[in-house]
file query.csv (CSV, C-alpha atoms)
chain,number,residue,atom,x,y,z
I,26,MET,CA,122.6,93.1,89.5
I,27,SER,CA,122.0,96.3,87.6
I,28,GLY,CA,118.6,97.6,86.3
I,29,GLU,CA,115.9,94.9,86.4
I,30,GLU,CA,118.1,92.0,85.4
I,31,TRP,CA,117.3,90.4,88.8
I,32,ARG,CA,113.8,89.6,87.4
I,33,ASP,CA,115.4,86.8,85.3
I,34,SER,CA,116.3,85.0,88.5
I,35,ALA,CA,113.0,85.5,90.3
I,36,ALA,CA,111.4,82.4,91.8
I,37,CYS,CA,108.0,83.7,90.6
I,38,LEU,CA,109.0,83.9,87.0
I,39,GLY,CA,106.6,81.7,85.1
I,40,SER,CA,104.7,80.8,88.3
I,41,LYS,CA,101.0,80.5,88.1
I,42,GLN,CA,100.7,81.7,91.7
I,43,ASP,CA,98.5,84.7,92.3
I,44,PHE,CA,100.7,87.5,93.7
I,45,HIS,CA,97.7,90.0,93.8
I,46,PRO,CA,95.2,87.8,95.7
I,47,ALA,CA,93.3,90.6,97.4
I,48,SER,CA,92.3,92.1,94.0
I,49,ALA,CA,90.6,88.8,92.9
I,50,GLY,CA,87.1,90.1,93.6
I,51,GLY,CA,84.5,87.9,95.3
I,52,ARG,CA,86.9,85.5,96.9
I,53,ALA,CA,86.4,84.6,100.6
I,54,SER,CA,88.8,85.8,103.2
I,55,ARG,CA,90.1,82.3,103.8
I,56,GLU,CA,90.9,81.8,100.1
I,57,ILE,CA,92.7,85.1,100.0
I,58,ARG,CA,94.8,84.2,103.1
I,59,GLU,CA,95.7,80.9,101.6
I,60,ALA,CA,96.7,82.6,98.3
I,61,VAL,CA,98.9,85.0,100.3
I,62,ARG,CA,100.6,82.2,102.2
I,63,ALA,CA,101.2,80.3,98.9
I,64,ALA,CA,102.7,83.4,97.3
I,65,LEU,CA,104.9,84.1,100.3
I,66,ARG,CA,106.3,80.5,100.1
I,67,VAL,CA,107.5,81.3,96.6
I,68,CYS,CA,109.0,84.5,97.8
I,69,HIS,CA,110.8,82.9,100.7
I,70,SER,CA,112.7,80.7,98.4
I,71,CYS,CA,113.6,83.4,96.0
I,72,PRO,CA,117.3,84.3,95.4
I,73,VAL,CA,116.4,87.9,94.5
I,74,ARG,CA,114.0,88.7,97.2
I,75,ALA,CA,115.8,91.8,98.4
I,76,GLU,CA,116.0,93.3,94.9
I,77,CYS,CA,112.3,92.6,94.3
I,78,LEU,CA,111.3,94.4,97.5
I,79,ARG,CA,113.6,97.3,96.8
I,80,TRP,CA,112.1,97.7,93.3
I,81,ALA,CA,108.5,97.5,94.7
I,82,VAL,CA,109.3,100.2,97.3
I,83,GLU,CA,110.9,102.5,94.8
I,84,ALA,CA,108.1,102.0,92.3
I,85,LYS,CA,105.5,102.6,95.0
I,86,GLU,CA,103.8,99.2,94.4
I,87,TYR,CA,101.3,99.3,97.1
I,88,TYR,CA,99.4,96.1,96.2
I,89,GLY,CA,100.5,92.6,95.8
I,90,ILE,CA,103.2,90.3,97.2
I,91,TRP,CA,106.7,91.7,96.6
I,92,GLY,CA,110.0,90.4,98.1
call {"tool": "encode", "arguments": {"input": "query.csv", "output": "structure tokens"}}
result
Amino acid sequence: MSGEEWRDSAACLGSKQDFHPASAGGRASREIREAVRAALRVCHSCPVRAECLRWAVEAKEYYGIWG
């Protein structure tokens, strides 16, 4: 897929899952770990995981769950 068309096939598209759980101030570590695991479950089933990760690395996205 060229450009950012891969986003249209992303498993997280329209998801209510938090993909930036560590930035949710005030939450306990356990809640953050659970949010990360839930986000990773979405990512593991994603058909465009490699494209997502490539984009995050190239865009220097240092925070959040990507690919």
call {"tool": "atom_distance", "arguments": {"input": "query.csv", "atom1": "atom CA of Ala60 of chain I", "atom2": "atom CA of Asp33 of chain I"}}
result
23.2 Å
call {"tool": "atom_distance", "arguments": {"input": "query.csv", "atom1": "atom CA of Val73 of chain I", "atom2": "atom CA of Arg55 of chain I"}}
result
28.5 Å
call {"tool": "closest_residue", "arguments": {"input": "query.csv", "among": "I:Cys77, I:Glu56, I:Arg66, I:His45", "to": "Gly89 of chain I", "atoms": "all atoms listed in the file"}}
result
I:His45
call {"tool": "closest_residue", "arguments": {"input": "query.csv", "among": "I:Glu86, I:Asp43, I:Glu59, I:Glu76", "to": "Gly28 of chain I", "atoms": "all atoms listed in the file"}}
result
I:Glu76
call {"tool": "atom_distance", "arguments": {"input": "query.csv", "atom1": "atom CA of Lys41 of chain I", "atom2": "atom CA of Val67 of chain I"}}
result
10.7 Å
call {"tool": "residues_around", "arguments": {"input": "query.csv", "residues": "Arg74 of chain I", "least_positions_apart": "2", "cutoff": "12 Å", "atoms": "only C-alpha atoms", "output": "list in words"}}
result
Trp31, Arg32, Ser34, Ala35, Ala36, Cys37, Leu65, Arg66, Val67, Cys68, His69, Ser70, Cys71, Pro72, Glu76, Cys77, Leu78, Arg79, Trp80, Ala81, Ile90, Trp91 and Gly92 of chain I
call {"tool": "closest_residue", "arguments": {"input": "query.csv", "among": "I:Phe44, I:Val82, I:Tyr88, I:Gly39", "to": "Ala64 of chain I", "atoms": "only C-alpha atoms"}}
result
I:Phe44
